[in-house]
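Have a look at work-v1.txt; it's compact mmCIF, C-alpha atoms:
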```txt
# COMPACT_ATOMS: atom_id res chain seq x y z
CA MET A 1 -20.05 15.18 -12.73
CA ALA A 2 -19.28 11.65 -13.88
CA GLU A 3 -19.71 8.90 -11.32
CA VAL A 4 -16.52 7.27 -10.10
CA SER A 5 -16.13 3.71 -11.35
CA LEU A 6 -16.03 1.26 -8.48
CA GLY A 7 -13.77 -1.34 -9.97
CA GLU A 8 -12.84 -4.34 -7.89
CA PRO A 9 -10.82 -4.04 -4.71
CA SER A 10 -7.54 -5.74 -5.51
CA ALA A 11 -7.55 -8.55 -2.93
CA ALA A 12 -7.92 -5.93 -0.22
CA GLN A 13 -8.96 -8.49 2.36
CA GLU A 14 -5.40 -9.83 2.25
CA LYS A 15 -3.86 -6.38 2.64
CA THR A 16 -3.03 -4.28 5.64
CA PHE A 17 -5.18 -1.33 6.70
CA VAL A 18 -2.42 1.03 5.55
CA SER A 19 -2.25 -0.49 2.07
CA VAL A 20 -6.05 -0.55 1.69
CA PHE A 21 -6.27 3.10 2.71
CA HIS A 22 -3.43 4.01 0.34
CA GLU A 23 -5.31 2.27 -2.47
CA LEU A 24 -8.49 4.14 -1.52
CA CYS A 25 -6.70 7.52 -1.58
CA THR A 26 -5.18 6.74 -4.97
CA LYS A 27 -8.39 5.41 -6.51
CA PHE A 28 -10.56 8.32 -5.38
CA ASP A 29 -7.94 11.08 -5.70
CA PHE A 30 -8.00 12.01 -2.02
CA GLY A 31 -4.36 13.03 -2.09
CA VAL A 32 -1.49 11.93 0.11
CA ALA A 33 -2.07 10.38 3.52
CA MET A 34 0.25 12.09 6.00
CA TYR A 35 1.33 9.96 8.98
CA ASN A 36 3.13 11.71 11.84
CA LEU A 37 4.36 10.20 15.09
CA VAL A 38 3.02 12.55 17.77
CA ALA A 39 3.85 10.71 20.99
CA GLU A 40 5.97 7.87 22.30
CA GLN A 41 5.76 6.81 25.91
CA GLY A 42 6.75 4.01 28.24
CA GLU A 43 9.92 2.04 28.88
CA PRO A 44 12.08 0.99 25.91
CA HIS A 45 10.78 -2.58 26.12
CA SER A 46 7.09 -1.63 26.44
CA ARG A 47 6.47 1.56 24.51
CA THR A 48 3.18 2.92 23.25
CA PHE A 49 3.11 4.98 20.06
CA LEU A 50 0.55 7.57 18.97
CA MET A 51 0.34 8.24 15.22
CA ASN A 52 -1.59 11.10 13.63
CA LEU A 53 -3.08 10.62 10.15
CA THR A 54 -4.26 13.58 8.11
CA VAL A 55 -5.66 13.78 4.59
CA ASP A 56 -6.07 17.44 3.62
CA MET A 57 -8.70 16.85 0.96
CA LEU A 58 -10.93 15.02 3.44
CA GLY A 59 -10.50 17.70 6.10
CA ILE A 60 -10.22 15.16 8.91
CA SER A 61 -7.51 13.89 11.19
CA VAL A 62 -7.38 10.78 13.38
CA GLU A 63 -4.93 9.26 15.83
CA GLY A 64 -3.88 5.63 15.97
CA ILE A 65 -2.30 3.88 18.92
CA GLY A 66 -0.08 0.82 19.01
CA LEU A 67 2.73 -1.08 20.65
CA THR A 68 4.86 -0.36 17.56
CA LYS A 69 4.92 2.55 15.13
CA MET A 70 3.62 0.29 12.37
CA GLN A 71 0.75 -0.93 14.54
CA ALA A 72 -0.18 2.68 15.38
CA LYS A 73 -0.09 3.49 11.67
CA HIS A 74 -2.46 0.61 10.86
CA ASP A 75 -4.77 1.67 13.69
CA ALA A 76 -4.88 5.22 12.31
CA ALA A 77 -5.62 4.00 8.77
CA TYR A 78 -8.47 1.83 10.07
CA LYS A 79 -9.94 4.69 12.09
CA MET A 80 -9.76 7.02 9.08
CA MET A 81 -11.65 4.56 6.87
CA PHE A 82 -14.13 3.97 9.68
CA GLN A 83 -14.73 7.72 10.04
CA ILE A 84 -15.24 8.11 6.28
CA ARG A 85 -17.86 5.38 6.33
CA GLU A 86 -19.63 6.69 9.43
CA THR A 87 -19.75 10.21 7.97
CA TYR A 88 -21.36 8.78 4.84
CA ARG A 89 -23.87 6.73 6.86
CA ALA A 90 -24.84 9.82 8.87
CA GLY A 91 -25.52 11.72 5.64
CA GLY A 92 -22.61 14.08 6.20
CA THR A 93 -19.96 15.40 3.85
CA LEU A 94 -16.18 15.53 3.91
CA ASN A 95 -14.67 18.88 3.04
CA SER A 96 -14.86 19.34 -0.74
CA VAL A 97 -15.49 15.68 -1.61
CA PRO A 98 -18.60 15.40 -3.82
CA ARG A 99 -21.33 13.21 -2.35
CA VAL A 100 -21.24 10.91 -5.38
CA LYS A 101 -17.54 10.24 -4.79
CA LEU A 102 -18.15 9.60 -1.08
CA VAL A 103 -20.89 7.10 -1.97
CA SER A 104 -18.61 5.30 -4.44
CA CYS A 105 -15.77 5.30 -1.92
CA CYS A 106 -17.92 3.69 0.77
CA GLU A 107 -19.32 1.13 -1.65
CA TRP A 108 -15.76 0.21 -2.55
CA LEU A 109 -14.88 -0.11 1.14
CA GLU A 110 -17.85 -2.43 1.65
CA LYS A 111 -16.61 -4.62 -1.21
CA CYS A 112 -13.20 -4.74 0.46
CA GLY A 113 -14.72 -6.14 3.62
CA THR A 114 -12.03 -4.32 5.60
CA LEU A 115 -14.21 -2.51 8.14
CA LYS A 116 -16.18 -4.03 10.99
CA GLU A 117 -19.18 -2.42 12.66
CA ASP A 118 -17.05 -0.86 15.38
CA ILE A 119 -13.47 0.16 16.03
CA PRO A 120 -11.40 -2.60 17.66
CA LYS A 121 -9.95 -1.90 21.08
CA PRO A 122 -6.53 -0.29 20.92
CA PRO A 123 -3.65 -2.77 21.06
CA THR A 124 -2.53 -1.27 24.37
CA GLU A 125 -5.52 -2.67 26.24
CA PRO A 126 -4.45 -5.02 29.07
CA THR A 127 -5.92 -7.99 27.18
CA LEU A 128 -3.22 -7.59 24.57
CA ASN A 129 0.47 -7.73 25.28
CA PRO A 130 3.61 -7.76 23.16
CA ALA A 131 3.74 -11.57 23.13
CA GLY A 132 0.11 -11.72 21.98
CA VAL A 133 0.68 -9.05 19.35
CA LEU A 134 3.75 -10.90 18.06
CA THR A 135 1.84 -14.19 17.84
CA GLU A 136 -0.95 -12.47 15.90
CA TRP A 137 1.61 -10.87 13.57
CA CYS A 138 3.23 -14.26 12.91
CA LEU A 139 -0.10 -15.98 12.27
CA THR A 140 -1.06 -13.43 9.63
CA ARG A 141 2.30 -13.11 7.89
CA LEU A 142 4.53 -16.10 8.62
CA SER A 143 4.24 -19.86 8.75
CA ASN A 144 6.09 -20.19 12.05
CA LEU A 145 5.56 -18.88 15.58
CA PRO A 146 8.18 -17.39 17.91
CA ASP A 147 10.11 -19.80 20.11
CA TYR A 148 10.53 -18.69 23.74
CA ARG A 149 13.09 -20.21 26.11
CA VAL A 150 14.21 -19.39 29.63
CA VAL A 151 17.98 -19.18 29.28
CA ARG A 152 18.88 -18.34 32.88
CA THR A 153 17.66 -17.00 36.19
CA SER A 154 19.32 -14.92 38.85
CA GLY A 155 18.62 -13.89 42.41
CA PRO A 156 17.27 -15.74 45.45
CA SER A 157 14.42 -18.21 45.03
CA HIS A 158 11.85 -15.82 46.54
CA SER A 159 12.85 -12.98 44.20
CA LYS A 160 14.10 -14.47 40.95
CA THR A 161 14.76 -12.59 37.76
CA TYR A 162 14.07 -14.55 34.60
CA PHE A 163 15.91 -14.15 31.30
CA MET A 164 14.06 -15.39 28.25
CA THR A 165 14.92 -15.42 24.57
CA CYS A 166 12.51 -15.00 21.69
CA LYS A 167 13.64 -16.62 18.44
CA LEU A 168 11.93 -15.99 15.12
CA GLY A 169 13.79 -17.25 12.08
CA ASP A 170 17.35 -15.98 12.44
CA ARG A 171 16.32 -13.14 14.76
CA VAL A 172 16.87 -13.50 18.51
CA THR A 173 15.98 -11.10 21.31
CA GLU A 174 16.24 -11.40 25.07
CA GLY A 175 14.05 -10.06 27.83
CA GLU A 176 14.22 -10.08 31.59
CA GLY A 177 11.56 -9.79 34.23
CA LYS A 178 10.41 -10.81 37.68
CA SER A 179 8.22 -13.50 36.12
CA LYS A 180 8.48 -15.67 33.03
CA LYS A 181 5.53 -13.82 31.54
CA ALA A 182 7.17 -10.43 32.08
CA ALA A 183 10.44 -11.64 30.54
CA LYS A 184 8.52 -13.10 27.59
CA ASN A 185 6.75 -9.80 26.96
CA VAL A 186 9.99 -7.84 27.06
CA ALA A 187 11.60 -10.23 24.56
CA ALA A 188 8.49 -10.11 22.34
CA GLY A 189 8.45 -6.31 22.47
CA LYS A 190 12.05 -6.19 21.27
CA MET A 191 11.21 -8.62 18.46
CA LEU A 192 8.28 -6.45 17.38
CA GLN A 193 10.65 -3.48 17.20
CA ILE A 194 13.02 -5.44 14.94
CA LEU A 195 10.14 -6.49 12.68
CA GLU A 196 8.86 -2.93 12.53
CA ASP A 197 12.31 -1.60 11.59
CA GLU A 198 12.43 -4.16 8.78
CA GLU A 199 9.01 -3.02 7.50
CA LEU A 200 9.69 0.73 7.58
```

Mind turning this structure into structure tokens?
Amino acid sequence: MAEVSLGEPSAAQEKTFVSVFHELCTKFDFGVAMYNLVAEQGEPHSRTFLMNLTVDMLGISVEGIGLTKMQAKHDAAYKMMFQIRETYRAGGTLNSVPRVKLVSCCEWLEKCGTLKEDIPKPPTEPTLNPAGVLTEWCLTRLSNLPDYRVVRTSGPSHSKTYFMTCKLGDRVTEGEGKSKKAAKNVAAGKMLQILEDEEL
């Protein structure tokens, strides 16, 4: 069987995990990557999404988690590529994929520089919150950061409710909470949902 030509990853380091994995599937004829939302939990302003990713030819399935559907999709794509590489490193095989193709695939992934030595913590860890996720999203894709402002408060001084807006370009969302931080996270979560809807 002829060896698969590596070629050059097309600026993969600037791409998302989903686009890199799509390119990998196309280049190595792994077939279609099937993403399915399997769970959605939490309040409307602070949901967690669980996305299943299956590639029949590889015979493996992974689940990604995120604060948005798109984030869960990226997490799943990363985990799938990570699993492919770890299977190769362990000397294993993937379904009917010839070893030579698996070797070429992993060499291509290394050239991409997409994968780290371990899987990052899920974005739902307490260290990450919607405001943090939104800031990270803006830093990687936009030239401006979200602008947060307390627009009003209500309730007695010992039990205030804060209302905060999040402005990003011409998009504006509002969140409320028992602290400024909570209100900020609610507003950021709503903004992430808008951005996700625009991407899908």

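Residue nearest Lys184 in chain A, chosen from A:Ser143, A:Gly169, A:Val150, A:Gly155 and counting only C-alpha atoms: A:Val150.
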
Neighbours of point (-14.2, 11.8, 5.6) within 8 Å, using all atoms listed in the file, written as an MDAnalysis selection string: chainID A and resid 58:60 80:81 83:85 87:88 93:95

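Nearest residue to His74 in chain A, choosing from A:Ile194, A:Cys25, A:Val62, A:Leu145 and counting all atoms listed in the file: A:Val62.
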
Padding 6 Å on every side, please: axis-aligned box over the listed atoms of range 154-165 of chain A, centre and edge lengths to one decimal in Å, as lines of an AutoDock Vina configuration file.
```
center_x = 15.6
center_y = -15.4
center_z = 35.6
size_x = 19.5
size_y = 17.6
size_z = 34.0
```

Near-range 134-137 of chain A list (12 Å; all atoms listed in the file; drop same-chain fewer than 3 positions) as number ranges by chain: A: 16, 67-68, 70-71, 123, 128-131, 140-148, 166-168, 184-196

May I have the residues from that selection written out with C-alpha atoms, as a CSV table (one decimal), keeping the file's coordinate frame?
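Everything below was put into part_17.csv:
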```csv
chain,number,residue,atom,x,y,z
A,16,THR,CA,-3.0,-4.3,5.6
A,67,LEU,CA,2.7,-1.1,20.6
A,68,THR,CA,4.9,-0.4,17.6
A,70,MET,CA,3.6,0.3,12.4
A,71,GLN,CA,0.8,-0.9,14.5
A,123,PRO,CA,-3.6,-2.8,21.1
A,128,LEU,CA,-3.2,-7.6,24.6
A,129,ASN,CA,0.5,-7.7,25.3
A,130,PRO,CA,3.6,-7.8,23.2
A,131,ALA,CA,3.7,-11.6,23.1
A,140,THR,CA,-1.1,-13.4,9.6
A,141,ARG,CA,2.3,-13.1,7.9
A,142,LEU,CA,4.5,-16.1,8.6
A,143,SER,CA,4.2,-19.9,8.8
A,144,ASN,CA,6.1,-20.2,12.0
A,145,LEU,CA,5.6,-18.9,15.6
A,146,PRO,CA,8.2,-17.4,17.9
A,147,ASP,CA,10.1,-19.8,20.1
A,148,TYR,CA,10.5,-18.7,23.7
A,166,CYS,CA,12.5,-15.0,21.7
A,167,LYS,CA,13.6,-16.6,18.4
A,168,LEU,CA,11.9,-16.0,15.1
A,184,LYS,CA,8.5,-13.1,27.6
A,185,ASN,CA,6.8,-9.8,27.0
A,186,VAL,CA,10.0,-7.8,27.1
A,187,ALA,CA,11.6,-10.2,24.6
A,188,ALA,CA,8.5,-10.1,22.3
A,189,GLY,CA,8.4,-6.3,22.5
A,190,LYS,CA,12.0,-6.2,21.3
A,191,MET,CA,11.2,-8.6,18.5
A,192,LEU,CA,8.3,-6.4,17.4
A,193,GLN,CA,10.6,-3.5,17.2
A,194,ILE,CA,13.0,-5.4,14.9
A,195,LEU,CA,10.1,-6.5,12.7
A,196,GLU,CA,8.9,-2.9,12.5
```

Contacts of His22 in chain A within 12 Å, all atoms listed in the file, excl. fewer than 2 positions in-chain, as a list in words: Ala12, Lys15, Thr16, Phe17, Val18, Ser19, Val20, Leu24, Cys25, Thr26, Lys27, Phe28, Asp29, Phe30, Gly31, Val32, Ala33, Met34, Tyr35, Leu53, Val55, Lys73, His74, Ala77, Tyr78, Met80 and Met81 of chain A

Excluding same-chain residues fewer than 2 positions from Glu63 in chain A, what lies within 7 Å of it counting only C-alpha atoms, as a short mmCIF file (atom, residue, chain, number, x, y, z; two decimals) with C-alpha atoms, in the frame of the given file?
```cif
data_model
loop_
_atom_site.label_atom_id
_atom_site.label_comp_id
_atom_site.auth_asym_id
_atom_site.auth_seq_id
_atom_site.Cartn_x
_atom_site.Cartn_y
_atom_site.Cartn_z
CA LEU A 50 0.55 7.57 18.97
CA MET A 51 0.34 8.24 15.22
CA ASN A 52 -1.59 11.10 13.63
CA LEU A 53 -3.08 10.62 10.15
CA ILE A 65 -2.30 3.88 18.92
CA ALA A 76 -4.88 5.22 12.31
#
```

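Using all atoms listed in the file, the smallest distance between any of A:Val151, A:Val100, A:Leu109, A:Val133 and Phe21 in chain A comes from A:Leu109.
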
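The residue that comes closest to Met164 in chain A, out of A:Ala72, A:Arg149, A:Lys79, A:Lys178 and on the basis of all atoms listed in the file, is A:Arg149.
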
Length of the CA of Thr54 in chain A to CA of Ser96 in chain A vector [Å]: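 We find that CA of Thr54 in chain A and CA of Ser96 in chain A lie 15.0 Å from each other.
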
Point-to-point distance from CA of Ala182 in chain A to CA of Tyr162 in chain A, Å rounded to tenths: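 Here the two named atoms are 8.4 Å from each other.
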
Pairwise distance for CA of Thr165 in chain A and CA of Ser179 in chain A, rounded to one decimal in Å: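 CA of Ser179 in chain A lies at a distance of 13.5 Å from CA of Thr165 in chain A.
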
Missing atoms in range 137-148 of chain A need filling: write out all heavy atoms for it as a PDB file, keeping the file's coordinate frame.
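Wrote it out as out.pdb, contents follow:
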```pdb
ATOM      1  N   TRP A 137       0.835 -11.306  14.746  1.00  0.00           N
ATOM      2  CA  TRP A 137       1.610 -10.870  13.570  1.00  0.00           C
ATOM      3  C   TRP A 137       2.126 -12.079  12.807  1.00  0.00           C
ATOM      4  O   TRP A 137       2.038 -12.138  11.585  1.00  0.00           O
ATOM      5  CB  TRP A 137       2.766  -9.985  14.037  1.00  0.00           C
ATOM      6  CG  TRP A 137       3.479  -9.263  12.931  1.00  0.00           C
ATOM      7  CD1 TRP A 137       3.245  -7.998  12.489  1.00  0.00           C
ATOM      8  CD2 TRP A 137       4.557  -9.764  12.124  1.00  0.00           C
ATOM      9  NE1 TRP A 137       4.103  -7.683  11.458  1.00  0.00           N
ATOM     10  CE2 TRP A 137       4.917  -8.744  11.211  1.00  0.00           C
ATOM     11  CE3 TRP A 137       5.243 -10.973  12.078  1.00  0.00           C
ATOM     12  CZ2 TRP A 137       5.931  -8.900  10.277  1.00  0.00           C
ATOM     13  CZ3 TRP A 137       6.253 -11.127  11.138  1.00  0.00           C
ATOM     14  CH2 TRP A 137       6.592 -10.100  10.256  1.00  0.00           C
ATOM     15  N   CYS A 138       2.673 -13.055  13.543  1.00  0.00           N
ATOM     16  CA  CYS A 138       3.230 -14.260  12.910  1.00  0.00           C
ATOM     17  C   CYS A 138       2.149 -15.084  12.219  1.00  0.00           C
ATOM     18  O   CYS A 138       2.360 -15.612  11.131  1.00  0.00           O
ATOM     19  CB  CYS A 138       3.951 -15.119  13.946  1.00  0.00           C
ATOM     20  SG  CYS A 138       5.462 -14.370  14.590  1.00  0.00           S
ATOM     21  N   LEU A 139       0.991 -15.189  12.849  1.00  0.00           N
ATOM     22  CA  LEU A 139      -0.100 -15.980  12.270  1.00  0.00           C
ATOM     23  C   LEU A 139      -0.602 -15.391  10.966  1.00  0.00           C
ATOM     24  O   LEU A 139      -1.038 -16.121  10.078  1.00  0.00           O
ATOM     25  CB  LEU A 139      -1.254 -16.095  13.274  1.00  0.00           C
ATOM     26  CG  LEU A 139      -1.010 -17.011  14.478  1.00  0.00           C
ATOM     27  CD1 LEU A 139      -2.142 -16.878  15.485  1.00  0.00           C
ATOM     28  CD2 LEU A 139      -0.864 -18.465  14.035  1.00  0.00           C
ATOM     29  N   THR A 140      -0.554 -14.070  10.846  1.00  0.00           N
ATOM     30  CA  THR A 140      -1.060 -13.430   9.630  1.00  0.00           C
ATOM     31  C   THR A 140      -0.008 -13.297   8.538  1.00  0.00           C
ATOM     32  O   THR A 140      -0.352 -13.146   7.373  1.00  0.00           O
ATOM     33  CB  THR A 140      -1.621 -12.029   9.938  1.00  0.00           C
ATOM     34  OG1 THR A 140      -0.605 -11.240  10.560  1.00  0.00           O
ATOM     35  CG2 THR A 140      -2.829 -12.114  10.853  1.00  0.00           C
ATOM     36  N   ARG A 141       1.268 -13.372   8.897  1.00  0.00           N
ATOM     37  CA  ARG A 141       2.300 -13.110   7.890  1.00  0.00           C
ATOM     38  C   ARG A 141       3.327 -14.214   7.709  1.00  0.00           C
ATOM     39  O   ARG A 141       3.999 -14.260   6.693  1.00  0.00           O
ATOM     40  CB  ARG A 141       3.038 -11.820   8.234  1.00  0.00           C
ATOM     41  CG  ARG A 141       2.107 -10.643   8.375  1.00  0.00           C
ATOM     42  CD  ARG A 141       2.880  -9.372   8.448  1.00  0.00           C
ATOM     43  NE  ARG A 141       2.020  -8.266   8.799  1.00  0.00           N
ATOM     44  CZ  ARG A 141       2.324  -7.008   8.635  1.00  0.00           C
ATOM     45  NH1 ARG A 141       3.478  -6.685   8.126  1.00  0.00           N
ATOM     46  NH2 ARG A 141       1.504  -6.054   8.978  1.00  0.00           N
ATOM     47  N   LEU A 142       3.494 -15.066   8.701  1.00  0.00           N
ATOM     48  CA  LEU A 142       4.530 -16.100   8.620  1.00  0.00           C
ATOM     49  C   LEU A 142       3.928 -17.477   8.833  1.00  0.00           C
ATOM     50  O   LEU A 142       2.794 -17.620   9.262  1.00  0.00           O
ATOM     51  CB  LEU A 142       5.608 -15.851   9.694  1.00  0.00           C
ATOM     52  CG  LEU A 142       6.343 -14.504   9.654  1.00  0.00           C
ATOM     53  CD1 LEU A 142       7.253 -14.385  10.855  1.00  0.00           C
ATOM     54  CD2 LEU A 142       7.152 -14.369   8.370  1.00  0.00           C
ATOM     55  N   SER A 143       4.718 -18.486   8.547  1.00  0.00           N
ATOM     56  CA  SER A 143       4.240 -19.860   8.750  1.00  0.00           C
ATOM     57  C   SER A 143       4.731 -20.429  10.077  1.00  0.00           C
ATOM     58  O   SER A 143       4.352 -21.517  10.467  1.00  0.00           O
ATOM     59  CB  SER A 143       4.731 -20.753   7.602  1.00  0.00           C
ATOM     60  OG  SER A 143       6.142 -20.702   7.513  1.00  0.00           O
ATOM     61  N   ASN A 144       5.585 -19.689  10.776  1.00  0.00           N
ATOM     62  CA  ASN A 144       6.090 -20.190  12.050  1.00  0.00           C
ATOM     63  C   ASN A 144       5.836 -19.189  13.175  1.00  0.00           C
ATOM     64  O   ASN A 144       5.672 -17.995  12.936  1.00  0.00           O
ATOM     65  CB  ASN A 144       7.592 -20.494  11.955  1.00  0.00           C
ATOM     66  CG  ASN A 144       8.405 -19.280  11.561  1.00  0.00           C
ATOM     67  OD1 ASN A 144       8.011 -18.510  10.701  1.00  0.00           O
ATOM     68  ND2 ASN A 144       9.549 -19.099  12.192  1.00  0.00           N
ATOM     69  N   LEU A 145       5.791 -19.706  14.391  1.00  0.00           N
ATOM     70  CA  LEU A 145       5.560 -18.880  15.580  1.00  0.00           C
ATOM     71  C   LEU A 145       6.882 -18.660  16.313  1.00  0.00           C
ATOM     72  O   LEU A 145       7.828 -19.430  16.153  1.00  0.00           O
ATOM     73  CB  LEU A 145       4.561 -19.572  16.507  1.00  0.00           C
ATOM     74  CG  LEU A 145       3.127 -19.665  15.984  1.00  0.00           C
ATOM     75  CD1 LEU A 145       2.279 -20.516  16.913  1.00  0.00           C
ATOM     76  CD2 LEU A 145       2.519 -18.282  15.824  1.00  0.00           C
ATOM     77  N   PRO A 146       6.946 -17.629  17.147  1.00  0.00           N
ATOM     78  CA  PRO A 146       8.180 -17.390  17.910  1.00  0.00           C
ATOM     79  C   PRO A 146       8.434 -18.512  18.910  1.00  0.00           C
ATOM     80  O   PRO A 146       7.495 -19.122  19.430  1.00  0.00           O
ATOM     81  CB  PRO A 146       7.906 -16.060  18.621  1.00  0.00           C
ATOM     82  CG  PRO A 146       6.435 -15.877  18.599  1.00  0.00           C
ATOM     83  CD  PRO A 146       5.927 -16.591  17.395  1.00  0.00           C
ATOM     84  N   ASP A 147       9.700 -18.769  19.157  1.00  0.00           N
ATOM     85  CA  ASP A 147      10.110 -19.800  20.110  1.00  0.00           C
ATOM     86  C   ASP A 147      10.694 -19.103  21.338  1.00  0.00           C
ATOM     87  O   ASP A 147      11.669 -18.353  21.224  1.00  0.00           O
ATOM     88  CB  ASP A 147      11.152 -20.719  19.461  1.00  0.00           C
ATOM     89  CG  ASP A 147      11.638 -21.801  20.414  1.00  0.00           C
ATOM     90  OD1 ASP A 147      10.812 -22.309  21.195  1.00  0.00           O
ATOM     91  OD2 ASP A 147      12.839 -22.124  20.387  1.00  0.00           O
ATOM     92  N   TYR A 148      10.076 -19.318  22.490  1.00  0.00           N
ATOM     93  CA  TYR A 148      10.530 -18.690  23.740  1.00  0.00           C
ATOM     94  C   TYR A 148      11.239 -19.720  24.611  1.00  0.00           C
ATOM     95  O   TYR A 148      10.754 -20.838  24.760  1.00  0.00           O
ATOM     96  CB  TYR A 148       9.349 -18.110  24.517  1.00  0.00           C
ATOM     97  CG  TYR A 148       8.612 -17.005  23.801  1.00  0.00           C
ATOM     98  CD1 TYR A 148       7.449 -17.269  23.081  1.00  0.00           C
ATOM     99  CD2 TYR A 148       9.064 -15.690  23.851  1.00  0.00           C
ATOM    100  CE1 TYR A 148       6.764 -16.255  22.426  1.00  0.00           C
ATOM    101  CE2 TYR A 148       8.383 -14.668  23.198  1.00  0.00           C
ATOM    102  CZ  TYR A 148       7.233 -14.963  22.492  1.00  0.00           C
ATOM    103  OH  TYR A 148       6.561 -13.957  21.850  1.00  0.00           O
TER     104      TYR A 148
END
```
